[in-house]
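Structure data follow from run-v6.csv (CSV, C-alpha atoms):
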```csv
chain,number,residue,atom,x,y,z
A,1,GLN,CA,79.4,58.2,40.7
A,2,SER,CA,76.7,55.6,39.8
A,3,GLN,CA,73.2,56.9,40.1
A,4,LEU,CA,69.6,56.6,38.8
A,5,VAL,CA,67.8,59.7,37.7
A,6,GLU,CA,64.0,59.8,37.5
A,7,SER,CA,62.0,62.4,35.5
A,8,GLY,CA,58.6,62.9,34.2
A,9,GLY,CA,56.5,63.4,37.3
A,10,GLY,CA,54.0,66.2,37.8
A,11,LEU,CA,50.4,67.1,38.4
A,12,VAL,CA,47.8,65.5,36.3
A,13,GLN,CA,44.0,65.2,36.4
A,14,PRO,CA,42.3,61.9,37.1
A,15,GLY,CA,42.1,59.8,33.9
A,16,GLY,CA,45.2,61.5,32.6
A,17,SER,CA,48.6,60.0,31.6
A,18,LEU,CA,52.3,60.5,32.5
A,19,ARG,CA,55.4,58.8,31.4
A,20,LEU,CA,58.2,58.4,33.9
A,21,SER,CA,61.8,57.9,32.8
A,22,CYS,CA,64.7,56.4,34.8
A,23,ALA,CA,68.1,57.0,33.3
A,24,GLY,CA,71.3,55.4,34.5
A,25,SER,CA,74.3,57.6,35.0
A,26,GLY,CA,77.7,56.0,35.6
A,27,PHE,CA,76.5,52.4,35.1
A,28,THR,CA,74.9,50.3,32.4
A,29,LEU,CA,71.3,49.4,33.1
A,30,GLU,CA,71.2,46.4,30.8
A,31,HIS,CA,72.9,44.3,33.4
A,32,TYR,CA,70.2,45.1,36.0
A,33,THR,CA,66.6,44.3,36.8
A,34,ILE,CA,64.8,47.6,37.2
A,35,GLY,CA,61.9,48.3,39.4
A,36,TRP,CA,59.5,51.2,40.0
A,37,PHE,CA,58.3,51.7,43.5
A,38,ARG,CA,56.1,54.4,45.1
A,39,GLN,CA,55.5,55.8,48.5
A,40,ALA,CA,52.3,57.7,49.3
A,41,PRO,CA,52.1,60.0,52.4
A,42,GLY,CA,51.7,58.0,55.5
A,43,LYS,CA,52.1,54.7,53.7
A,44,GLU,CA,55.0,52.2,53.2
A,45,ARG,CA,56.8,52.1,49.9
A,46,GLU,CA,55.4,49.5,47.6
A,47,GLY,CA,56.5,47.8,44.3
A,48,VAL,CA,54.7,49.1,41.3
A,49,SER,CA,56.3,47.3,38.3
A,50,CYS,CA,59.6,45.6,37.6
A,51,ILE,CA,61.3,44.5,34.4
A,52,SER,CA,64.0,41.9,33.6
A,53,ARG,CA,67.3,43.0,32.1
A,54,SER,CA,66.2,42.0,28.5
A,55,GLY,CA,62.7,43.5,28.9
A,56,GLY,CA,61.2,40.1,28.2
A,57,THR,CA,59.6,39.6,31.6
A,58,THR,CA,57.6,42.1,33.6
A,59,ASN,CA,55.8,42.2,36.8
A,60,TYR,CA,52.9,44.5,38.0
A,61,ALA,CA,51.1,45.3,41.2
A,62,ASP,CA,47.5,44.3,41.0
A,63,SER,CA,46.5,48.0,41.6
A,64,VAL,CA,48.2,49.1,38.3
A,65,LYS,CA,47.6,46.1,36.0
A,66,GLY,CA,46.0,47.2,32.7
A,67,ARG,CA,46.9,50.9,33.3
A,68,PHE,CA,50.7,51.0,33.7
A,69,THR,CA,53.3,49.7,31.3
A,70,ILE,CA,57.0,49.3,32.0
A,71,SER,CA,59.5,49.2,29.2
A,72,ARG,CA,63.2,49.7,28.6
A,73,ASP,CA,65.5,50.9,25.9
A,74,ASN,CA,68.9,49.5,26.8
A,75,ALA,CA,70.5,51.4,23.9
A,76,LYS,CA,69.4,54.6,25.6
A,77,ASN,CA,70.2,53.3,29.1
A,78,THR,CA,66.7,54.2,30.2
A,79,VAL,CA,63.6,52.5,31.7
A,80,TYR,CA,60.1,53.9,31.3
A,81,LEU,CA,56.8,53.7,33.2
A,82,GLN,CA,53.8,54.7,31.1
A,83,MET,CA,51.0,55.5,33.4
A,84,ASN,CA,47.5,55.8,31.9
A,85,SER,CA,44.0,56.2,33.5
A,86,LEU,CA,45.6,57.7,36.6
A,87,LYS,CA,43.6,57.8,39.8
A,88,PRO,CA,44.0,60.0,42.9
A,89,GLU,CA,45.3,56.9,44.8
A,90,ASP,CA,48.3,56.8,42.4
A,91,THR,CA,49.6,60.0,44.0
A,92,ALA,CA,53.0,59.2,45.5
A,93,VAL,CA,56.7,59.7,45.1
A,94,TYR,CA,57.9,57.3,42.5
A,95,TYR,CA,61.3,55.8,42.7
A,96,CYS,CA,63.3,53.7,40.3
A,97,ALA,CA,65.7,51.1,41.6
A,98,ALA,CA,68.1,48.6,40.2
A,99,LYS,CA,69.4,45.2,41.3
A,100,TRP,CA,72.0,43.0,39.6
A,101,ALA,CA,70.2,40.5,37.4
A,102,TYR,CA,71.7,37.0,38.1
A,103,TYR,CA,69.4,35.5,35.5
A,104,THR,CA,67.8,36.8,32.4
A,105,GLY,CA,64.1,36.6,33.3
A,106,ASP,CA,64.3,38.0,36.8
A,107,SER,CA,61.6,40.7,37.2
A,108,SER,CA,60.9,40.2,40.9
A,109,CYS,CA,59.9,43.3,42.9
A,110,LEU,CA,61.2,42.4,46.3
A,111,GLU,CA,62.3,45.8,47.6
A,112,HIS,CA,65.1,44.5,49.9
A,113,ASP,CA,66.9,43.1,46.9
A,114,TYR,CA,67.3,46.5,45.2
A,115,GLY,CA,70.6,48.2,46.1
A,116,TYR,CA,70.5,51.3,43.9
A,117,TRP,CA,67.8,53.9,44.2
A,118,GLY,CA,67.0,57.2,42.5
A,119,GLN,CA,66.0,60.3,44.3
A,120,GLY,CA,62.3,60.0,43.4
A,121,THR,CA,59.8,62.1,41.4
A,122,GLN,CA,56.5,63.3,42.6
A,123,VAL,CA,53.3,62.3,40.9
A,124,THR,CA,50.1,64.0,41.9
A,125,VAL,CA,46.7,63.1,40.5
A,126,SER,CA,44.1,65.7,41.4
A,127,SER,CA,41.4,67.7,39.8
```

Do you think you could lay out the structure here as C-alpha coordinates?
Amino acid sequence: QSQLVESGGGLVQPGGSLRLSCAGSGFTLEHYTIGWFRQAPGKEREGVSCISRSGGTTNYADSVKGRFTISRDNAKNTVYLQMNSLKPEDTAVYYCAAKWAYYTGDSSCLEHDYGYWGQGTQVTVSS
(Lines of atoms letter the chains of each structure in order from A and count residues from 1; the text may use other names and numbers.)
(Lines give C-alpha, C1' and ligand atoms only; values in the text may rest on other atoms or scores of the structure.)
Protein backbone atom coordinates (compact mmCIF):
# COMPACT_ATOMS: atom_id res chain seq x y z
CA GLN A 1 0.00 0.00 0.00
CA SER A 2 1.38 3.39 -1.00
CA GLN A 3 1.64 5.85 1.83
CA LEU A 4 3.47 8.87 3.18
CA VAL A 5 4.81 8.76 6.71
CA GLU A 6 5.66 11.93 8.61
CA SER A 7 7.91 12.08 11.64
CA GLY A 8 9.81 14.62 13.71
CA GLY A 9 7.02 16.58 15.33
CA GLY A 10 6.96 17.44 19.01
CA LEU A 11 6.95 20.16 21.63
CA VAL A 12 9.48 22.96 21.29
CA GLN A 13 9.96 26.35 22.91
CA PRO A 14 9.56 29.56 20.92
CA GLY A 15 12.72 30.25 18.96
CA GLY A 16 13.55 26.56 18.78
CA SER A 17 13.92 24.23 15.81
CA LEU A 18 12.46 20.99 14.53
CA ARG A 19 13.04 18.93 11.40
CA LEU A 20 10.13 17.06 9.94
CA SER A 21 10.62 14.09 7.64
CA CYS A 22 8.27 12.63 5.07
CA ALA A 23 9.13 9.15 3.85
CA GLY A 24 7.49 7.35 0.97
CA SER A 25 6.41 3.79 1.52
CA GLY A 26 5.31 1.78 -1.47
CA PHE A 27 6.04 4.45 -4.07
CA THR A 28 8.97 6.46 -5.34
CA LEU A 29 8.85 10.09 -4.29
CA GLU A 30 11.24 11.29 -7.02
CA HIS A 31 8.34 11.30 -9.51
CA TYR A 32 6.26 13.59 -7.31
CA THR A 33 6.07 17.18 -6.23
CA ILE A 34 5.93 17.11 -2.44
CA GLY A 35 4.25 19.65 -0.22
CA TRP A 36 4.02 20.36 3.46
CA PHE A 37 0.69 21.64 4.71
CA ARG A 38 -0.52 22.47 8.20
CA GLN A 39 -3.78 22.83 10.05
CA ALA A 40 -4.09 24.73 13.30
CA PRO A 41 -7.07 24.26 15.63
CA GLY A 42 -10.10 26.05 14.27
CA LYS A 43 -8.37 27.01 11.04
CA GLU A 44 -8.34 25.71 7.51
CA ARG A 45 -5.41 23.71 6.23
CA GLU A 46 -2.80 25.86 4.49
CA GLY A 47 0.21 25.26 2.29
CA VAL A 48 3.54 25.77 4.02
CA SER A 49 6.15 24.78 1.48
CA CYS A 50 6.40 22.68 -1.66
CA ILE A 51 9.30 21.30 -3.66
CA SER A 52 9.68 20.13 -7.25
CA ARG A 53 10.60 16.56 -8.02
CA SER A 54 14.25 17.43 -8.63
CA GLY A 55 14.44 19.76 -5.65
CA GLY A 56 15.45 22.64 -7.88
CA THR A 57 12.34 24.73 -7.32
CA THR A 58 10.71 25.52 -4.00
CA ASN A 59 7.76 27.52 -2.80
CA TYR A 60 7.09 28.98 0.66
CA ALA A 61 4.20 30.64 2.39
CA ASP A 62 5.01 34.24 3.35
CA SER A 63 4.58 33.37 7.02
CA VAL A 64 7.51 30.92 6.99
CA LYS A 65 9.91 32.48 4.48
CA GLY A 66 13.37 32.84 5.94
CA ARG A 67 12.60 30.42 8.78
CA PHE A 68 11.66 27.13 7.10
CA THR A 69 13.63 25.20 4.50
CA ILE A 70 12.28 22.35 2.42
CA SER A 71 14.63 19.82 0.89
CA ARG A 72 14.59 16.31 -0.48
CA ASP A 73 16.87 13.33 -0.75
CA ASN A 74 15.49 11.17 -3.53
CA ALA A 75 18.06 8.48 -2.83
CA LYS A 76 16.51 8.11 0.64
CA ASN A 77 12.98 8.61 -0.70
CA THR A 78 12.47 11.34 1.88
CA VAL A 79 11.52 15.01 1.99
CA TYR A 80 12.42 17.27 4.90
CA LEU A 81 11.12 20.47 6.42
CA GLN A 82 13.66 22.25 8.59
CA MET A 83 11.83 24.68 10.85
CA ASN A 84 13.85 27.33 12.68
CA SER A 85 12.87 30.31 14.84
CA LEU A 86 9.57 28.65 15.62
CA LYS A 87 6.70 30.77 16.87
CA PRO A 88 3.56 29.82 18.82
CA GLU A 89 1.53 30.50 15.67
CA ASP A 90 3.39 27.65 13.95
CA THR A 91 1.54 25.22 16.22
CA ALA A 92 -0.44 22.85 14.02
CA VAL A 93 -0.69 19.36 12.64
CA TYR A 94 1.75 19.17 9.75
CA TYR A 95 0.97 16.96 6.77
CA CYS A 96 3.09 15.98 3.82
CA ALA A 97 1.39 15.36 0.52
CA ALA A 98 2.37 14.25 -2.96
CA LYS A 99 1.16 14.98 -6.46
CA TRP A 100 2.39 13.56 -9.73
CA ALA A 101 4.89 16.00 -11.26
CA TYR A 102 4.00 16.54 -14.91
CA TYR A 103 6.95 18.88 -15.38
CA THR A 104 10.28 19.16 -13.64
CA GLY A 105 9.90 22.58 -12.04
CA ASP A 106 6.43 22.17 -10.61
CA SER A 107 6.44 23.31 -6.97
CA SER A 108 2.94 24.68 -6.72
CA CYS A 109 1.12 24.34 -3.40
CA LEU A 110 -2.47 24.13 -4.58
CA GLU A 111 -3.95 21.75 -2.03
CA HIS A 112 -6.63 20.28 -4.30
CA ASP A 113 -3.93 19.01 -6.70
CA TYR A 114 -2.43 16.72 -4.07
CA GLY A 115 -3.80 13.20 -4.08
CA TYR A 116 -1.63 11.43 -1.52
CA TRP A 117 -1.54 12.49 2.11
CA GLY A 118 0.24 11.37 5.25
CA GLN A 119 -1.39 10.99 8.63
CA GLY A 120 0.12 14.17 10.06
CA THR A 121 2.50 15.01 12.88
CA GLN A 122 1.80 17.45 15.69
CA VAL A 123 4.05 20.46 16.19
CA THR A 124 3.50 22.48 19.34
CA VAL A 125 5.44 25.67 20.02
CA SER A 126 5.00 26.75 23.60
CA SER A 127 6.98 27.88 26.61

Non-local contacts of stretch 110-115 of chain A (12 Å; only C-alpha atoms; under 3 positions in same chain excluded) as a PyMOL selection string: chain A and resi 2-4+32-38+44-50+59-61+95-102+106-107+118

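In this comparison, which uses all atoms listed in the file, the residue of A:Leu29, A:Val64, A:Ala40, A:Val12 approaching A:Leu81 most closely is A:Val64.
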
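You will find atom CA of A:Val93 at 15.9 Å from atom CA of A:Ser63.
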
Counting only C-alpha atoms, write as a PyMOL selection string all protein and nucleic acid residues lying at most 12 Å from (45.1, 61.4, 40.9) in the file's frame. chain A and resi 10-18+40+83-92+122-127

Could you turn the residues from that selection into a file that holds C-alpha atoms, as an mmCIF file, keeping the file's coordinate frame?
```
data_model
loop_
_atom_site.group_PDB
_atom_site.id
_atom_site.type_symbol
_atom_site.label_atom_id
_atom_site.label_comp_id
_atom_site.auth_asym_id
_atom_site.auth_seq_id
_atom_site.Cartn_x
_atom_site.Cartn_y
_atom_site.Cartn_z
ATOM 1 C CA GLY A 10 54.000 66.200 37.800
ATOM 2 C CA LEU A 11 50.400 67.100 38.400
ATOM 3 C CA VAL A 12 47.800 65.500 36.300
ATOM 4 C CA GLN A 13 44.000 65.200 36.400
ATOM 5 C CA PRO A 14 42.300 61.900 37.100
ATOM 6 C CA GLY A 15 42.100 59.800 33.900
ATOM 7 C CA GLY A 16 45.200 61.500 32.600
ATOM 8 C CA SER A 17 48.600 60.000 31.600
ATOM 9 C CA LEU A 18 52.300 60.500 32.500
ATOM 10 C CA ALA A 40 52.300 57.700 49.300
ATOM 11 C CA MET A 83 51.000 55.500 33.400
ATOM 12 C CA ASN A 84 47.500 55.800 31.900
ATOM 13 C CA SER A 85 44.000 56.200 33.500
ATOM 14 C CA LEU A 86 45.600 57.700 36.600
ATOM 15 C CA LYS A 87 43.600 57.800 39.800
ATOM 16 C CA PRO A 88 44.000 60.000 42.900
ATOM 17 C CA GLU A 89 45.300 56.900 44.800
ATOM 18 C CA ASP A 90 48.300 56.800 42.400
ATOM 19 C CA THR A 91 49.600 60.000 44.000
ATOM 20 C CA ALA A 92 53.000 59.200 45.500
ATOM 21 C CA GLN A 122 56.500 63.300 42.600
ATOM 22 C CA VAL A 123 53.300 62.300 40.900
ATOM 23 C CA THR A 124 50.100 64.000 41.900
ATOM 24 C CA VAL A 125 46.700 63.100 40.500
ATOM 25 C CA SER A 126 44.100 65.700 41.400
ATOM 26 C CA SER A 127 41.400 67.700 39.800
#
```

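Residue nearest A:Gly56 within the list A:Thr104, A:Phe27, A:Gly9, A:Gln39: A:Thr104 [criterion: smallest interatomic distance, all atoms listed in the file].
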
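If you measure from each of A:Val79, A:Cys109, A:Ile51, A:Ile70 to A:Ala23 using all atoms listed in the file, the closest one turns out to be A:Val79.
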
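Atom CA of A:Gly105 lies 26.9 Å from atom CA of A:Gly8.
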
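Contact shell of A:Asp73 at 10 Å (only C-alpha atoms; same-chain neighbours under 3 positions omitted): Ala23, Leu29, Glu30, Ser54, Gly55, Lys76, Asn77, Thr78, Val79 and Tyr80 of chain A.
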